[in-house]
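**Q** Attaching a single structure in structure tokens format; questions to follow.
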Amino acid sequence: MAAEGGLDCGCPMARGRPGQIEAALVDSVLSIRARYGRAATDTSAATGVQRAVDAYKKSREGSVDDLTALSTQDAETLANILGVRQKTSGRTKASAIVEAASNLVAVGVAHGADVRVDDHDQKAAWTSVRGLAVVTWKYFGMLLGSPGVKADTWVIRGVSKAVGRRVSAAKAEALVHAAAQLIPGKNATDLDHAIWAHMRVGASSVGELSNPAP
């Protein structure tokens with residue numbers, strides 16, 4: 001899966017989910033402390049979060065760029081569609097997805113083109129959902145095409161390893177932005193992709209493939 005500019009990281013952000021706000025929301029929430037998995041190929045089925053997002057898209061049988069549909073979904077029915085019973089902050093991820101969709105619709109967000117990552121009301125609509133935080137809000141925007149850095153555990157670990165000390169999410173994000181300015185033809189999102197993929201591949205050798213978000 002090659003990203004724009006020739007980056008080939010095999011990561012979820014390599015292609016993103018532009019114009020698929022429902023899929024992006026499902027992806028963002030299910031990715032919390034979960035095995036991301038791989039996309040389907042000609043010879044193998046999708047796994048992990050990728051499989052669940054594909055199952056959701058199949059259930060819609062058409063466009064997945066209208067949160068009004070997702071906002072009225074029954075959480076238990078959604079969990080069955082996704083095949084996921086995981087929780088975040090003590091509540092099901094399916095219920096968090098539905099609540100986030102409902103909150104966003106309430107502030108005028110229905111389609112991918114409506115998302116403004118820096119919009120205070122939109123961000124508040126997301127982070128007011130128990131179990132969701134700013135890092136997943138940024139990731140949601142990135143999946144829809146907004147530039148940025150998702151300072152999750154993989155990126156924090158990668159940056160910490162590079163500088164030789166443990167750094168915070170905010171510091172990791174700032175350092176990725178700063179480092180990206182030194183790489184011709186790449187931006188912070190490209191570097192985020194590369195760090196995410198590098199750390200994940202290293203973790204796979206020791207059986208550590210969860211994708212926890214702080």
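All residue names refer to the structure tokens as shown: chains lettered A, B, ... in order, residues numbered from 1 in each chain, ligands numbered from 1 in order.
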List the neighbours of A:Val84 out to 10 Å using only C-alpha atoms; skip same-chain residues closer than 3 positions along the sequence, and give me the result as a ChimeraX atom specification.
**A** /A:30,48-49,52,78-81,87,92-94
**Q** When you look at stretch 119-123 of chain A with a cut-off of 9 Å (counting only C-alpha atoms), what residues show up, excluding the ones that are within fewer than 2 positions of it in the same chain? I need them as a VMD selection string.
**A** chain A and resid 103 to 104 107 to 109 115 to 117 125 to 128 134 137 to 138
**Q** Selection from above, all heavy atoms, as a short mmCIF file (atom, residue, chain, number, x, y, z; two decimals), in the first residue's frame, can you write it?
**A**
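The new file out-v7.cif reads:
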data_model
loop_
_atom_site.label_atom_id
_atom_site.label_comp_id
_atom_site.auth_asym_id
_atom_site.auth_seq_id
_atom_site.Cartn_x
_atom_site.Cartn_y
_atom_site.Cartn_z
N ASN A 103 -22.91 13.30 18.26
CA ASN A 103 -22.39 14.59 18.70
C ASN A 103 -21.92 15.44 17.52
O ASN A 103 -22.13 16.66 17.48
CB ASN A 103 -21.22 14.40 19.67
CG ASN A 103 -21.66 13.91 21.03
OD1 ASN A 103 -22.85 13.72 21.27
ND2 ASN A 103 -20.71 13.71 21.93
N LEU A 104 -21.24 14.80 16.57
CA LEU A 104 -20.74 15.54 15.41
C LEU A 104 -21.89 16.04 14.53
O LEU A 104 -21.87 17.18 14.05
CB LEU A 104 -19.79 14.67 14.60
CG LEU A 104 -18.43 14.43 15.25
CD1 LEU A 104 -17.64 13.37 14.47
CD2 LEU A 104 -17.61 15.72 15.33
N VAL A 107 -23.35 19.25 15.73
CA VAL A 107 -22.62 20.50 15.47
C VAL A 107 -22.41 20.72 13.97
O VAL A 107 -21.56 21.51 13.57
CB VAL A 107 -21.27 20.53 16.22
CG1 VAL A 107 -21.50 20.55 17.73
CG2 VAL A 107 -20.36 19.38 15.82
N GLY A 108 -23.20 20.03 13.16
CA GLY A 108 -23.19 20.31 11.73
C GLY A 108 -22.24 19.49 10.88
O GLY A 108 -21.98 19.83 9.73
N VAL A 109 -21.72 18.39 11.43
CA VAL A 109 -20.80 17.54 10.67
C VAL A 109 -21.53 16.28 10.22
O VAL A 109 -21.94 15.46 11.04
CB VAL A 109 -19.57 17.13 11.52
CG1 VAL A 109 -18.67 16.20 10.74
CG2 VAL A 109 -18.81 18.37 11.97
N VAL A 115 -15.54 18.21 8.10
CA VAL A 115 -14.64 18.12 9.25
C VAL A 115 -13.57 19.19 9.21
O VAL A 115 -12.88 19.37 8.20
CB VAL A 115 -13.99 16.72 9.33
CG1 VAL A 115 -12.95 16.67 10.45
CG2 VAL A 115 -15.05 15.65 9.55
N ARG A 116 -13.42 19.89 10.32
CA ARG A 116 -12.38 20.89 10.51
C ARG A 116 -11.67 20.54 11.82
O ARG A 116 -12.20 20.77 12.90
CB ARG A 116 -12.96 22.31 10.58
CG ARG A 116 -13.76 22.73 9.36
CD ARG A 116 -12.87 22.98 8.16
NE ARG A 116 -13.64 23.42 7.00
CZ ARG A 116 -14.15 22.61 6.07
NH1 ARG A 116 -13.98 21.30 6.20
NH2 ARG A 116 -14.82 23.08 5.05
N VAL A 117 -10.48 19.99 11.72
CA VAL A 117 -9.79 19.48 12.90
C VAL A 117 -9.57 20.55 13.96
O VAL A 117 -9.59 20.27 15.16
CB VAL A 117 -8.45 18.83 12.50
CG1 VAL A 117 -7.66 18.39 13.72
CG2 VAL A 117 -8.70 17.61 11.60
N ALA A 125 -17.09 18.11 20.56
CA ALA A 125 -18.11 17.08 20.33
C ALA A 125 -17.49 15.69 20.39
O ALA A 125 -18.09 14.74 20.90
CB ALA A 125 -18.78 17.30 18.97
N TRP A 126 -16.26 15.58 19.89
CA TRP A 126 -15.55 14.30 19.91
C TRP A 126 -15.02 13.96 21.31
O TRP A 126 -15.27 12.90 21.83
CB TRP A 126 -14.39 14.36 18.92
CG TRP A 126 -13.59 13.10 18.81
CD1 TRP A 126 -12.58 12.68 19.64
CD2 TRP A 126 -13.73 12.07 17.82
NE1 TRP A 126 -12.07 11.46 19.22
CE2 TRP A 126 -12.76 11.07 18.11
CE3 TRP A 126 -14.57 11.91 16.72
CZ2 TRP A 126 -12.63 9.92 17.33
CZ3 TRP A 126 -14.43 10.76 15.94
CH2 TRP A 126 -13.48 9.79 16.25
N THR A 127 -14.30 14.89 21.90
CA THR A 127 -13.63 14.61 23.18
C THR A 127 -14.59 14.54 24.36
O THR A 127 -14.21 14.07 25.44
CB THR A 127 -12.53 15.64 23.46
OG1 THR A 127 -13.09 16.96 23.46
CG2 THR A 127 -11.43 15.56 22.40
N SER A 128 -15.83 14.98 24.17
CA SER A 128 -16.82 14.86 25.25
C SER A 128 -17.33 13.43 25.38
O SER A 128 -18.00 13.09 26.36
CB SER A 128 -18.00 15.81 25.02
OG SER A 128 -18.73 15.44 23.86
N VAL A 134 -8.08 13.73 22.29
CA VAL A 134 -7.60 14.57 21.19
C VAL A 134 -6.80 13.76 20.18
O VAL A 134 -6.89 14.01 18.98
CB VAL A 134 -6.75 15.73 21.75
CG1 VAL A 134 -6.09 16.50 20.61
CG2 VAL A 134 -7.62 16.68 22.57
N TRP A 137 -9.07 12.19 17.80
CA TRP A 137 -9.69 13.23 16.97
C TRP A 137 -8.74 13.62 15.83
O TRP A 137 -9.15 13.75 14.68
CB TRP A 137 -10.04 14.45 17.81
CG TRP A 137 -10.44 15.67 17.02
CD1 TRP A 137 -9.75 16.84 16.92
CD2 TRP A 137 -11.61 15.82 16.22
NE1 TRP A 137 -10.41 17.72 16.10
CE2 TRP A 137 -11.56 17.12 15.65
CE3 TRP A 137 -12.68 15.00 15.90
CZ2 TRP A 137 -12.56 17.61 14.80
CZ3 TRP A 137 -13.68 15.48 15.05
CH2 TRP A 137 -13.61 16.78 14.51
N LYS A 138 -7.47 13.79 16.15
CA LYS A 138 -6.49 14.13 15.12
C LYS A 138 -6.36 13.00 14.10
O LYS A 138 -6.25 13.24 12.89
CB LYS A 138 -5.14 14.43 15.76
CG LYS A 138 -5.11 15.72 16.56
CD LYS A 138 -3.74 15.97 17.17
CE LYS A 138 -3.70 17.28 17.94
NZ LYS A 138 -2.38 17.51 18.57
#
**Q** As a list in words, please: the residues near A:Met199 (cut-off 8 Å, only C-alpha atoms, same-chain neighbours under 4 positions excluded).
**A** Trp154, Val155, Arg157, Gly158, Ile195 and Ala203 of chain A
**Q** Create the file for the chosen residues now, containing N, CA, C and O atoms and written as an mmCIF file, in the first residue's frame.
**A**
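Saved as part.cif:
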data_model
loop_
_atom_site.group_PDB
_atom_site.id
_atom_site.type_symbol
_atom_site.label_atom_id
_atom_site.label_comp_id
_atom_site.auth_asym_id
_atom_site.auth_seq_id
_atom_site.Cartn_x
_atom_site.Cartn_y
_atom_site.Cartn_z
ATOM 1 N N TRP A 154 2.970 3.989 19.286
ATOM 2 C CA TRP A 154 4.036 3.660 18.333
ATOM 3 C C TRP A 154 4.903 4.878 18.023
ATOM 4 O O TRP A 154 6.131 4.794 17.986
ATOM 5 N N VAL A 155 4.277 6.013 17.762
ATOM 6 C CA VAL A 155 5.030 7.226 17.419
ATOM 7 C C VAL A 155 5.816 7.717 18.630
ATOM 8 O O VAL A 155 6.985 8.104 18.510
ATOM 9 N N ARG A 157 6.977 5.934 21.091
ATOM 10 C CA ARG A 157 8.101 5.023 21.275
ATOM 11 C C ARG A 157 9.209 5.299 20.252
ATOM 12 O O ARG A 157 10.395 5.286 20.584
ATOM 13 N N GLY A 158 8.810 5.525 19.010
ATOM 14 C CA GLY A 158 9.795 5.772 17.967
ATOM 15 C C GLY A 158 10.593 7.038 18.205
ATOM 16 O O GLY A 158 11.825 7.058 18.063
ATOM 17 N N ILE A 195 7.346 6.296 10.903
ATOM 18 C CA ILE A 195 7.655 5.912 12.283
ATOM 19 C C ILE A 195 6.692 4.830 12.749
ATOM 20 O O ILE A 195 7.106 3.820 13.340
ATOM 21 N N ALA A 203 7.849 -4.393 16.565
ATOM 22 C CA ALA A 203 7.053 -5.012 17.610
ATOM 23 C C ALA A 203 6.545 -6.385 17.181
ATOM 24 O O ALA A 203 6.369 -7.277 18.000
#
**Q** Can you pull out every residue within 10 Å of A:Ser59, counting only C-alpha atoms, but drop anything in the same chain fewer than 3 positions away, and send it as a PyMOL selection string?
**A** chain A and resi 53-56+62+64+78+81-82
**Q** Could you state the separation of atom CA of A:Gly164 and atom CA of A:Val135 in Å, given to one decimal place?
**A**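 Computing it gives 23.1 Å between the two atoms.
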**Q** At a cut-off of 7 Å, using only C-alpha atoms, what residues contact A:Ser31? Leave out same-chain residues fewer than 3 positions from it and give the result as a list of chain:residue names.
**A**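 Once the nearby chain positions are removed, what remains is A:Asp27, A:Ser28, A:Ala34, A:Tyr36, A:Val49, A:Asn211.
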**Q** Could you please take those selected residues and save C-alpha atoms as a PDB file, in the first residue's frame?
**A**
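Generated file (again.pdb):
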ATOM      1  CA  ASP A  27     -11.426   3.100  12.241  1.00  0.00           C
ATOM      2  CA  SER A  28     -10.439   5.839  14.700  1.00  0.00           C
ATOM      3  CA  ALA A  34      -6.290  -2.806  19.360  1.00  0.00           C
ATOM      4  CA  TYR A  36      -4.835  -2.895  13.544  1.00  0.00           C
ATOM      5  CA  VAL A  49      -9.500  -3.237  12.664  1.00  0.00           C
ATOM      6  CA  ASN A 211      -2.041  -0.149  18.780  1.00  0.00           C
TER       7      ASN A 211
END
**Q** List every residue of stretch 39-77 of chain A that DSSP, applied to the backbone, labels as helix (DSSP H, G or I), and write the result as a ChimeraX atom specification.
**A** /A:48-60,67-71,75-77
**Q** For a quick check of understanding, using only C-alpha atoms, which of A:Ala113, A:Ala101, A:Ala197, A:Ile156 has the smallest distance to A:Glu173?
**A**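 Nearest to A:Glu173: A:Ile156.
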**Q** Determine which residues of stretch 61-125 of chain A DSSP labels as strand (DSSP E or B) from the backbone of this structure, then write them out as a ChimeraX atom specification.
**A** /A:87-88,91-92
**Q** My list of candidates is A:Gly90, A:Gly131, A:Gly145, A:Gly37. Which is closest to A:Arg17 when distances are computed with only C-alpha atoms?
**A**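 Residue with the minimum atom-to-atom distance to A:Arg17: A:Gly145.
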**Q** Can you pull out the residues contacting stretch 179-187 of chain A? Cut-off 9 Å, using only C-alpha atoms, and skip same-chain residues under 5 positions away; I want them as a PyMOL selection string.
**A** chain A and resi 5+147-148+174+192
**Q** Leaving out A:Val98 and any residue of its chain fewer than 5 positions from it, which residues lie within 8 Å of it when counting only C-alpha atoms, given as a PyMOL selection string?
**A** chain A and resi 70-75
**Q** Quick one: write out the picked residues with N, CA and C atoms as a PDB file, in the first residue's frame?
**A**
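Listed below is the output, selection_3.pdb:
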ATOM      1  N   LEU A  70     -24.952   6.652  10.772  1.00  0.00           N
ATOM      2  CA  LEU A  70     -24.225   6.041  11.882  1.00  0.00           C
ATOM      3  C   LEU A  70     -24.733   6.552  13.226  1.00  0.00           C
ATOM      4  N   SER A  71     -25.164   7.803  13.269  1.00  0.00           N
ATOM      5  CA  SER A  71     -25.604   8.404  14.539  1.00  0.00           C
ATOM      6  C   SER A  71     -26.896   7.803  15.060  1.00  0.00           C
ATOM      7  N   THR A  72     -27.655   7.159  14.186  1.00  0.00           N
ATOM      8  CA  THR A  72     -28.923   6.558  14.606  1.00  0.00           C
ATOM      9  C   THR A  72     -28.814   5.039  14.730  1.00  0.00           C
ATOM     10  N   GLN A  73     -27.604   4.516  14.566  1.00  0.00           N
ATOM     11  CA  GLN A  73     -27.391   3.077  14.656  1.00  0.00           C
ATOM     12  C   GLN A  73     -27.529   2.604  16.112  1.00  0.00           C
ATOM     13  N   ASP A  74     -28.137   1.460  16.316  1.00  0.00           N
ATOM     14  CA  ASP A  74     -28.169   0.849  17.641  1.00  0.00           C
ATOM     15  C   ASP A  74     -26.787   0.299  17.958  1.00  0.00           C
ATOM     16  N   ALA A  75     -26.248   0.615  19.138  1.00  0.00           N
ATOM     17  CA  ALA A  75     -24.874   0.236  19.479  1.00  0.00           C
ATOM     18  C   ALA A  75     -24.680  -1.270  19.497  1.00  0.00           C
TER      19      ALA A  75
END
**Q** Closest to A:Ala188 among A:Ser102, A:Ser44, A:Ser146, A:Thr77, using only C-alpha atoms?
**A** A:Ser146
**Q** May I ask which of the residues A:Ser63, A:Thr47, A:Thr189, A:Gln86 is the closest one to A:Ile32, counting only C-alpha atoms?
**A**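 Of the candidates, the smallest distance to A:Ile32 is held by A:Gln86.
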